[in-house]
file final_35.txt (compact mmCIF, C-alpha atoms and all ligand atoms)
# COMPACT_ATOMS: atom_id res chain seq x y z
CA MET F 1 -13.01 14.10 -15.97
CA ARG F 2 -15.83 12.21 -14.21
CA VAL F 3 -15.38 9.24 -16.58
CA VAL F 4 -11.64 9.18 -15.77
CA GLN F 5 -12.38 9.29 -12.02
CA GLU F 6 -14.86 6.41 -12.29
CA ALA F 7 -12.36 4.31 -14.25
CA THR F 8 -9.64 5.11 -11.69
CA TRP F 9 -11.91 4.05 -8.81
CA SER F 10 -12.87 0.76 -10.52
CA ALA F 11 -9.16 -0.07 -10.72
CA ALA F 12 -8.59 1.19 -7.17
CA ARG F 13 -11.42 -0.99 -5.80
CA TRP F 14 -9.73 -4.05 -7.23
CA ALA F 15 -6.24 -3.01 -6.05
CA LEU F 16 -7.36 -2.00 -2.56
CA GLY F 17 -9.86 -4.82 -1.92
CA ALA F 18 -9.26 -7.65 0.56
CA GLY F 19 -6.37 -9.75 -0.73
CA GLY F 20 -5.68 -7.28 -3.59
CA PRO F 21 -2.12 -6.12 -4.31
CA VAL F 22 -2.21 -3.07 -2.01
CA ASP F 23 -3.75 -5.05 0.87
CA GLN F 24 -1.12 -7.76 0.38
CA TYR F 25 1.73 -5.24 0.28
CA LEU F 26 0.53 -3.67 3.54
CA ALA F 27 -0.61 -6.92 5.20
CA SER F 28 2.31 -7.38 7.61
CA ARG F 29 2.02 -3.78 8.86
CA LYS F 30 -1.78 -4.03 9.10
CA ARG F 31 -1.40 -7.13 11.26
CA VAL F 32 1.01 -5.32 13.61
CA ILE F 33 -1.28 -2.34 14.24
CA LEU F 34 -4.68 -4.05 13.97
CA SER F 35 -4.23 -7.39 15.72
CA ALA F 36 -3.78 -5.76 19.16
CA LEU F 37 -7.06 -3.81 19.00
CA ARG F 38 -9.95 -4.67 21.31
CA GLY F 39 -13.53 -3.58 21.96
CA HIS F 40 -15.34 -1.15 19.67
CA ILE F 41 -13.32 -0.13 16.61
CA LEU F 42 -14.27 2.70 14.30
CA GLU F 43 -12.71 2.75 10.85
CA ILE F 44 -12.82 5.88 8.72
CA GLY F 45 -13.03 5.34 4.95
CA PRO F 46 -12.90 1.52 5.06
CA GLY F 47 -13.42 1.29 1.29
CA GLU F 48 -13.82 -2.37 0.34
CA GLY F 49 -13.18 -3.46 3.94
CA ALA F 50 -9.66 -4.75 3.33
CA SER F 51 -8.64 -4.17 6.97
CA LEU F 52 -11.35 -6.40 8.40
CA ARG F 53 -9.58 -9.70 7.84
CA HIS F 54 -6.63 -8.42 9.91
CA LEU F 55 -8.71 -7.65 13.02
CA PRO F 56 -8.76 -10.07 15.95
CA PRO F 57 -11.95 -12.05 16.66
CA GLY F 58 -14.47 -10.66 19.12
CA VAL F 59 -14.20 -6.96 18.21
CA ARG F 60 -17.16 -4.79 17.21
CA TRP F 61 -16.50 -2.69 14.09
CA THR F 62 -18.16 0.45 12.77
CA GLY F 63 -17.16 1.83 9.38
CA VAL F 64 -17.79 5.45 8.36
CA GLU F 65 -17.67 5.66 4.59
CA PRO F 66 -19.14 8.30 2.21
CA ASP F 67 -19.21 6.05 -0.85
CA PRO F 68 -22.32 3.80 -1.13
CA VAL F 69 -20.66 1.14 -3.30
CA SER F 70 -17.82 0.80 -0.78
CA ARG F 71 -20.30 0.71 2.13
CA ALA F 72 -22.00 -2.35 0.61
CA SER F 73 -18.65 -4.05 -0.16
CA ALA F 74 -17.30 -3.43 3.35
CA LEU F 75 -20.43 -4.90 4.92
CA ARG F 76 -20.14 -8.01 2.70
CA GLU F 77 -16.50 -8.40 3.71
CA ALA F 78 -17.41 -8.05 7.42
CA ARG F 79 -19.99 -10.83 7.04
CA ARG F 80 -17.46 -12.98 5.20
CA VAL F 81 -14.87 -12.70 8.00
CA GLY F 82 -17.53 -12.98 10.74
CA ILE F 83 -17.08 -9.62 12.48
CA GLU F 84 -20.01 -7.82 14.12
CA ALA F 85 -20.26 -4.76 11.90
CA MET F 86 -22.18 -1.64 11.00
CA VAL F 87 -21.33 0.78 8.20
CA LEU F 88 -22.51 4.37 8.45
CA ASP F 89 -22.76 7.02 5.77
CA GLY F 90 -20.52 9.87 6.87
CA ARG F 91 -17.17 11.58 6.67
CA ALA F 92 -14.15 11.67 8.95
CA GLU F 93 -14.64 15.43 9.43
CA ALA F 94 -18.03 14.87 11.16
CA LEU F 95 -18.07 11.37 12.64
CA PRO F 96 -21.64 10.20 13.39
CA VAL F 97 -20.78 8.74 16.82
CA GLY F 98 -20.62 10.15 20.35
CA ASP F 99 -17.73 11.63 22.30
CA ARG F 100 -15.37 9.07 23.90
CA SER F 101 -17.41 6.18 22.47
CA VAL F 102 -14.81 3.94 20.77
CA ASP F 103 -11.67 2.08 21.84
CA ALA F 104 -9.75 2.57 18.60
CA VAL F 105 -9.93 4.45 15.32
CA VAL F 106 -8.39 2.94 12.18
CA SER F 107 -7.37 4.82 9.05
CA THR F 108 -5.61 3.21 6.10
CA LEU F 109 -4.95 5.33 3.01
CA VAL F 110 -7.73 7.75 3.91
CA LEU F 111 -6.14 10.92 5.32
CA CYS F 112 -4.94 11.85 1.82
CA SER F 113 -8.62 11.91 0.82
CA VAL F 114 -10.29 13.94 3.55
CA ASP F 115 -11.03 17.54 2.62
CA ASP F 116 -10.12 18.96 6.04
CA LEU F 117 -7.31 17.00 7.70
CA GLY F 118 -7.27 19.08 10.90
CA GLU F 119 -10.99 18.63 11.44
CA ALA F 120 -10.75 14.87 10.76
CA LEU F 121 -8.00 14.49 13.40
CA ARG F 122 -10.02 16.57 15.90
CA GLU F 123 -12.93 14.20 15.33
CA VAL F 124 -10.70 11.15 15.86
CA ARG F 125 -9.62 12.58 19.23
CA ARG F 126 -13.21 13.46 20.16
CA VAL F 127 -14.57 9.94 19.66
CA LEU F 128 -11.71 8.03 21.32
CA ARG F 129 -12.04 6.91 24.92
CA PRO F 130 -9.19 7.93 27.24
CA GLY F 131 -6.39 5.43 26.62
CA GLY F 132 -7.82 4.61 23.20
CA ARG F 133 -5.59 4.46 20.15
CA PHE F 134 -5.59 5.87 16.66
CA VAL F 135 -3.80 3.46 14.29
CA PHE F 136 -2.94 4.44 10.76
CA ILE F 137 -1.17 3.52 7.55
CA GLU F 138 -1.02 6.42 5.11
CA HIS F 139 0.99 7.60 2.14
CA VAL F 140 2.45 11.05 2.70
CA GLY F 141 4.40 13.72 0.90
CA ALA F 142 8.14 13.07 0.54
CA PRO F 143 10.48 15.24 2.68
CA HIS F 144 10.58 18.90 1.66
CA GLY F 145 13.51 19.79 -0.57
CA THR F 146 13.83 16.33 -2.17
CA ARG F 147 13.43 15.75 -5.90
CA LEU F 148 10.55 13.39 -5.19
CA ARG F 149 8.74 16.14 -3.24
CA GLY F 150 9.19 18.59 -6.12
CA PHE F 151 7.83 15.99 -8.53
CA GLN F 152 4.88 15.24 -6.24
CA GLU F 153 4.00 18.92 -5.93
CA ARG F 154 3.93 19.30 -9.72
CA LEU F 155 1.92 16.11 -10.19
CA ALA F 156 -0.47 16.63 -7.25
CA PRO F 157 -3.11 18.82 -8.97
CA TRP F 158 -3.33 16.40 -11.89
CA TRP F 159 -3.52 13.35 -9.56
CA LEU F 160 -6.24 15.06 -7.50
CA GLY F 161 -8.19 15.59 -10.71
CA VAL F 162 -7.76 11.97 -11.82
CA THR F 163 -8.69 10.43 -8.46
CA GLY F 164 -11.15 13.07 -7.32
CA GLU F 165 -9.74 13.05 -3.77
CA CYS F 166 -6.12 11.90 -3.29
CA ARG F 167 -3.49 14.50 -2.28
CA MET F 168 -0.09 12.94 -2.85
CA ALA F 169 1.98 15.74 -1.23
CA ARG F 170 0.17 16.01 2.09
CA ASP F 171 2.21 16.40 5.33
CA THR F 172 0.05 13.92 7.23
CA GLU F 173 2.67 12.81 9.76
CA ALA F 174 3.27 16.40 10.92
CA ALA F 175 -0.48 16.95 11.19
CA ILE F 176 -0.90 13.84 13.38
CA ARG F 177 2.01 14.88 15.61
CA GLU F 178 0.53 18.37 16.03
CA ALA F 179 -3.07 17.23 16.60
CA GLY F 180 -2.78 16.94 20.39
CA PHE F 181 -2.56 13.18 20.89
CA GLY F 182 -0.42 11.74 23.69
CA GLN F 183 2.44 9.50 22.62
CA VAL F 184 2.79 9.15 18.82
CA GLU F 185 4.89 6.36 17.25
CA VAL F 186 5.52 6.39 13.51
CA GLU F 187 7.48 4.11 11.20
CA ARG F 188 8.27 5.40 7.70
CA PHE F 189 8.51 2.93 4.84
CA SER F 190 8.60 2.83 1.06
CA MET F 191 5.25 2.30 -0.61
CA GLY F 192 7.12 0.35 -3.33
CA PRO F 193 8.24 1.18 -6.85
CA GLY F 194 4.83 2.43 -7.98
CA VAL F 195 4.30 4.15 -11.32
CA ILE F 196 2.51 6.88 -9.38
CA PRO F 197 4.90 8.27 -6.73
CA VAL F 198 2.59 8.01 -3.69
CA SER F 199 5.42 7.36 -1.23
CA PRO F 200 6.72 7.26 1.47
CA GLY F 201 4.23 5.54 3.71
CA ILE F 202 3.75 5.93 7.44
CA CYS F 203 2.48 3.29 9.84
CA GLY F 204 1.82 4.14 13.43
CA VAL F 205 -0.19 4.65 16.55
CA ALA F 206 -1.26 7.80 18.40
CA MET F 207 -2.59 7.49 21.95
CA ALA F 208 -5.68 9.43 23.08
C1 LIG M 1 -7.86 5.01 -1.08
S1 LIG M 1 -9.37 4.51 -0.39
C2 LIG M 1 -8.79 3.50 0.98
C3 LIG M 1 -9.81 2.49 1.40
C4 LIG M 1 -9.40 1.57 2.54
N1 LIG M 1 -9.20 2.30 3.78
C5 LIG M 1 -8.16 0.77 2.21
O1 LIG M 1 -7.12 0.90 2.87
O2 LIG M 1 -8.24 -0.03 1.25
C6 LIG M 1 -9.97 5.98 0.41
C7 LIG M 1 -11.32 5.77 1.06
O3 LIG M 1 -11.64 6.95 1.83
C8 LIG M 1 -12.99 7.28 1.58
N2 LIG M 1 -13.15 8.72 1.88
C9 LIG M 1 -12.97 9.77 1.06
N3 LIG M 1 -13.20 10.93 1.71
C10 LIG M 1 -13.51 10.60 2.98
C11 LIG M 1 -13.84 11.34 4.14
N4 LIG M 1 -13.88 12.69 4.12
N5 LIG M 1 -14.12 10.67 5.27
C12 LIG M 1 -14.09 9.32 5.32
N6 LIG M 1 -13.76 8.56 4.24
C13 LIG M 1 -13.47 9.19 3.09
C14 LIG M 1 -13.22 6.90 0.14
O4 LIG M 1 -14.59 6.77 -0.18
C15 LIG M 1 -12.45 5.58 0.07
O5 LIG M 1 -13.24 4.50 0.47
call {"tool": "encode", "arguments": {"input": "final_35.txt", "output": "C-alpha cells"}}
result
Amino acid sequence: MRVVQEATWSAARWALGAGGPVDQYLASRKRVILSALRGHILEIGPGEGASLRHLPPGVRWTGVEPDPVSRASALREARRVGIEAMVLDGRAEALPVGDRSVDAVVSTLVLCSVDDLGEALREVRRVLRPGGRFVFIEHVGAPHGTRLRGFQERLAPWWLGVTGECRMARDTEAAIREAGFGQVEVERFSMGPGVIPVSPGICGVAMA
C-alpha cells in the first residue's frame, strides 16, 4: 500500500502545485478569499505552496506542514513569488505558534487530511487574533441521503488507504459552523466532474 500512496502523492504534487490543474480550477475562489488578507498569515498544510501566488504583496506567511518534501517546495515557491516566508514542521492539531499571534489562517484541501478535525479547528481559533479570519477551500462529503453520499461512504475507506490521509465523506462545513467562530460565510460549489467523487467543495470565511 505504501508504494500506491507514494505514487498517488507524486501525481497529487503535480496536480496541486502552483499553476497545476487543481490550483487553476480553484484560482478565482482563492483570489477572492486570499487577496484581502493582511499582516501575518498562517497556512496549514500548504503542500507545494500553490496558494502563495494568490496572496497580496507585503504579507508575512508561515506554513505549517508535516511533509518534508512539501516544506521544501513551499519555501521555493515563496521565494519565487517574493513573499517573506517561514515553513515549520508541524500539524494543524498542535500549531507551533502562540495564542492570538496571527491575522489569518488559510486552509485549502487540508481539513480532509487532519486526523482530528475538532482539535485542528480549536487550534485555528487559538492562534487567531480577535477580528482575525479563517479562510478555507475544502472538499466535503455530499449531503446525507444522496446517492453521491452513499457512494462516497462506500469508497471512503479505500480512498483513505490509497491516499494515506484523505477522507472524502467528512462533514467539514458542519464542523466549522459548530467550532465557535463568530460569523461564518460559506459558498458551496462543484469540484468538477472528477473521476474520484471528492465533491462538493466549500469556500468561505469564519471570523475569530
Ligand atoms: C491535498 S494536500 C493540499 C495542499 C495545499 N493546501 C493545496 O491546496 O494544494 C494536503 C496537505 O495537508 C498536509 N497535511 C496532512 N495532514 C496534516 C495535518 N494534520 N496538519 C497540517 N497539514 C497536514 C499534507 O502533507 C498536504 O501537504
call {"tool": "axis_aligned_box", "arguments": {"input": "final_35.txt", "around": "ligand LIG 1 (chain M)", "padding_each_side": "3 Å", "output": "JSON"}}
result
{"center_x": -10.9, "center_y": 6.3, "center_z": 2.1, "size_x": 13.5, "size_y": 18.7, "size_z": 12.4}
call {"tool": "closest_residue", "arguments": {"input": "final_35.txt", "among": "F:Arg177, F:Arg38, F:Arg125, F:Arg76", "to": "Ala94 of chain F", "atoms": "all atoms listed in the file"}}
result
F:Arg125
call {"tool": "closest_atom_pairs", "arguments": {"input": "final_35.txt", "of": "chain F", "to": "ligand LIG 1 (chain M)", "cutoff": "7 Å", "atoms": "only C-alpha atoms and all ligand atoms", "output": "CSV"}}
result
residue,atom,partner,partner_atom,distance
F:Leu16,CA,M:LIG1,O2,4.4
F:Gly17,CA,M:LIG1,O2,6.0
F:Asp23,CA,M:LIG1,O2,6.7
F:Ile44,CA,M:LIG1,C12,5.0
F:Gly45,CA,M:LIG1,N6,3.4
F:Pro46,CA,M:LIG1,N1,4.0
F:Gly47,CA,M:LIG1,O5,3.3
F:Glu48,CA,M:LIG1,O2,6.1
F:Gly49,CA,M:LIG1,C4,6.4
F:Ala50,CA,M:LIG1,O2,5.3
F:Ser51,CA,M:LIG1,O1,6.7
F:Val64,CA,M:LIG1,C12,6.2
F:Glu65,CA,M:LIG1,N6,4.9
F:Pro66,CA,M:LIG1,O4,5.4
F:Asp67,CA,M:LIG1,O4,4.7
F:Ser70,CA,M:LIG1,O5,6.0
F:Gly90,CA,M:LIG1,C12,6.6
F:Arg91,CA,M:LIG1,N5,3.5
F:Ala92,CA,M:LIG1,N5,3.8
F:Glu93,CA,M:LIG1,N4,6.0
F:Ser107,CA,M:LIG1,N1,6.1
F:Thr108,CA,M:LIG1,O1,4.2
F:Leu109,CA,M:LIG1,C2,4.7
F:Val110,CA,M:LIG1,O3,4.5
F:Ser113,CA,M:LIG1,N3,4.8
F:Val114,CA,M:LIG1,N4,3.8
F:Asp115,CA,M:LIG1,N4,5.8
F:Glu165,CA,M:LIG1,C9,6.7
call {"tool": "atom_distance", "arguments": {"input": "final_35.txt", "atom1": "atom CA of Arg29 of chain F", "atom2": "atom CA of Gly192 of chain F"}}
result
13.8 Å
call {"tool": "closest_residue", "arguments": {"input": "final_35.txt", "among": "F:Val135, F:Val97, F:Ser10, F:Arg53", "to": "Arg80 of chain F", "atoms": "all atoms listed in the file"}}
result
F:Arg53
call {"tool": "atom_distance", "arguments": {"input": "final_35.txt", "atom1": "atom CA of Thr163 of chain F", "atom2": "atom CA of Gln5 of chain F"}}
result
5.3 Å
call {"tool": "residues_around", "arguments": {"input": "final_35.txt", "residues": "Gly132 of chain F", "least_positions_apart": "6", "cutoff": "9 Å", "atoms": "only C-alpha atoms", "output": "PyMOL selection string"}}
result
chain F and resi 100+102-105+206-208
call {"tool": "closest_residue", "arguments": {"input": "final_35.txt", "among": "F:Leu26, F:Ile83, F:Val59, F:Ala120", "to": "Ile202 of chain F", "atoms": "all atoms listed in the file"}}
result
F:Leu26
call {"tool": "atom_distance", "arguments": {"input": "final_35.txt", "atom1": "atom CA of Trp14 of chain F", "atom2": "atom CA of Trp159 of chain F"}}
result
18.6 Å
call {"tool": "residues_around", "arguments": {"input": "final_35.txt", "residues": "Ile137 of chain F", "least_positions_apart": "2", "cutoff": "12 Å", "atoms": "all atoms listed in the file", "output": "number ranges by chain"}}
result
F: 22-23, 25-34, 44, 51, 105-112, 134-135, 139-140, 172-173, 176, 185-191, 199-206
call {"tool": "closest_residue", "arguments": {"input": "final_35.txt", "among": "F:Gly82, F:Gly20, F:Pro96, F:Gly58", "to": "Glu43 of chain F", "atoms": "only C-alpha atoms"}}
result
F:Pro96
call {"tool": "closest_residue", "arguments": {"input": "final_35.txt", "among": "F:Glu119, F:Asp171, F:Asp99, F:Glu77", "to": "Pro143 of chain F", "atoms": "only C-alpha atoms"}}
result
F:Asp171
call {"tool": "decode", "arguments": {"input": "final_35.txt", "residues": "segment 140-153 of chain F", "atoms": "all heavy atoms", "output": "short mmCIF file (atom, residue, chain, number, x, y, z; two decimals), in the first residue's frame"}}
result
data_model
loop_
_atom_site.label_atom_id
_atom_site.label_comp_id
_atom_site.auth_asym_id
_atom_site.auth_seq_id
_atom_site.Cartn_x
_atom_site.Cartn_y
_atom_site.Cartn_z
N VAL F 140 -15.84 18.38 0.66
CA VAL F 140 -16.59 17.85 1.81
C VAL F 140 -17.49 16.71 1.36
O VAL F 140 -17.70 16.51 0.16
CB VAL F 140 -17.44 18.95 2.48
CG1 VAL F 140 -16.56 20.10 2.95
CG2 VAL F 140 -18.51 19.49 1.53
N GLY F 141 -18.04 16.00 2.31
CA GLY F 141 -18.99 14.94 1.99
C GLY F 141 -20.25 15.53 1.37
O GLY F 141 -20.70 16.62 1.75
N ALA F 142 -20.83 14.81 0.42
CA ALA F 142 -22.10 15.24 -0.19
C ALA F 142 -23.20 15.20 0.87
O ALA F 142 -23.05 14.55 1.91
CB ALA F 142 -22.43 14.32 -1.36
N PRO F 143 -24.34 15.88 0.63
CA PRO F 143 -25.43 15.87 1.63
C PRO F 143 -25.87 14.44 1.96
O PRO F 143 -25.94 13.58 1.09
CB PRO F 143 -26.55 16.64 0.92
CG PRO F 143 -25.85 17.51 -0.06
CD PRO F 143 -24.63 16.75 -0.51
N HIS F 144 -26.17 14.24 3.26
CA HIS F 144 -26.64 12.92 3.71
C HIS F 144 -27.89 12.53 2.94
O HIS F 144 -28.75 13.37 2.66
CB HIS F 144 -26.94 12.96 5.21
CG HIS F 144 -25.68 13.02 6.03
ND1 HIS F 144 -25.03 11.88 6.48
CD2 HIS F 144 -24.94 14.06 6.45
CE1 HIS F 144 -23.95 12.24 7.14
NE2 HIS F 144 -23.87 13.57 7.16
N GLY F 145 -28.01 11.26 2.61
CA GLY F 145 -29.21 10.76 1.94
C GLY F 145 -29.12 10.81 0.43
O GLY F 145 -29.98 10.26 -0.26
N THR F 146 -28.08 11.46 -0.13
CA THR F 146 -27.95 11.49 -1.59
C THR F 146 -27.20 10.24 -2.07
O THR F 146 -26.48 9.59 -1.29
CB THR F 146 -27.19 12.75 -2.06
OG1 THR F 146 -25.87 12.73 -1.48
CG2 THR F 146 -27.91 14.02 -1.63
N ARG F 147 -27.38 9.94 -3.36
CA ARG F 147 -26.67 8.77 -3.91
C ARG F 147 -25.17 8.98 -3.85
O ARG F 147 -24.40 8.06 -3.58
CB ARG F 147 -27.11 8.55 -5.36
CG ARG F 147 -28.49 7.92 -5.43
CD ARG F 147 -28.93 7.74 -6.85
NE ARG F 147 -28.09 6.74 -7.53
CZ ARG F 147 -28.31 6.34 -8.78
NH1 ARG F 147 -29.29 6.84 -9.47
NH2 ARG F 147 -27.53 5.43 -9.32
N LEU F 148 -24.76 10.25 -4.11
CA LEU F 148 -23.32 10.54 -4.08
C LEU F 148 -22.76 10.27 -2.69
O LEU F 148 -21.68 9.68 -2.54
CB LEU F 148 -23.06 12.00 -4.50
CG LEU F 148 -21.60 12.46 -4.44
CD1 LEU F 148 -20.69 11.56 -5.28
CD2 LEU F 148 -21.46 13.91 -4.91
N ARG F 149 -23.51 10.66 -1.64
CA ARG F 149 -23.03 10.43 -0.28
C ARG F 149 -22.86 8.93 -0.01
O ARG F 149 -21.86 8.49 0.58
CB ARG F 149 -24.01 11.06 0.72
CG ARG F 149 -23.62 10.87 2.17
CD ARG F 149 -22.28 11.56 2.44
NE ARG F 149 -21.87 11.39 3.81
CZ ARG F 149 -21.53 12.40 4.62
NH1 ARG F 149 -21.48 13.63 4.17
NH2 ARG F 149 -21.17 12.17 5.85
N GLY F 150 -23.86 8.15 -0.44
CA GLY F 150 -23.77 6.70 -0.24
C GLY F 150 -22.53 6.14 -0.93
O GLY F 150 -21.80 5.31 -0.37
N PHE F 151 -22.29 6.61 -2.16
CA PHE F 151 -21.14 6.16 -2.92
C PHE F 151 -19.84 6.56 -2.20
O PHE F 151 -18.91 5.76 -2.05
CB PHE F 151 -21.22 6.79 -4.31
CG PHE F 151 -20.15 6.32 -5.25
CD1 PHE F 151 -19.87 4.96 -5.42
CD2 PHE F 151 -19.40 7.24 -5.99
CE1 PHE F 151 -18.89 4.53 -6.29
CE2 PHE F 151 -18.42 6.82 -6.86
CZ PHE F 151 -18.16 5.46 -7.01
N GLN F 152 -19.81 7.82 -1.73
CA GLN F 152 -18.61 8.29 -1.02
C GLN F 152 -18.34 7.44 0.22
O GLN F 152 -17.20 7.11 0.51
CB GLN F 152 -18.78 9.76 -0.60
CG GLN F 152 -18.69 10.75 -1.73
CD GLN F 152 -18.93 12.18 -1.30
OE1 GLN F 152 -19.60 12.42 -0.29
NE2 GLN F 152 -18.42 13.13 -2.05
N GLU F 153 -19.41 7.11 0.95
CA GLU F 153 -19.19 6.36 2.19
C GLU F 153 -18.65 4.96 1.90
O GLU F 153 -17.84 4.43 2.65
CB GLU F 153 -20.48 6.33 3.02
CG GLU F 153 -20.65 7.67 3.74
CD GLU F 153 -21.98 7.84 4.44
OE1 GLU F 153 -22.82 6.92 4.37
OE2 GLU F 153 -22.18 8.92 5.03
#
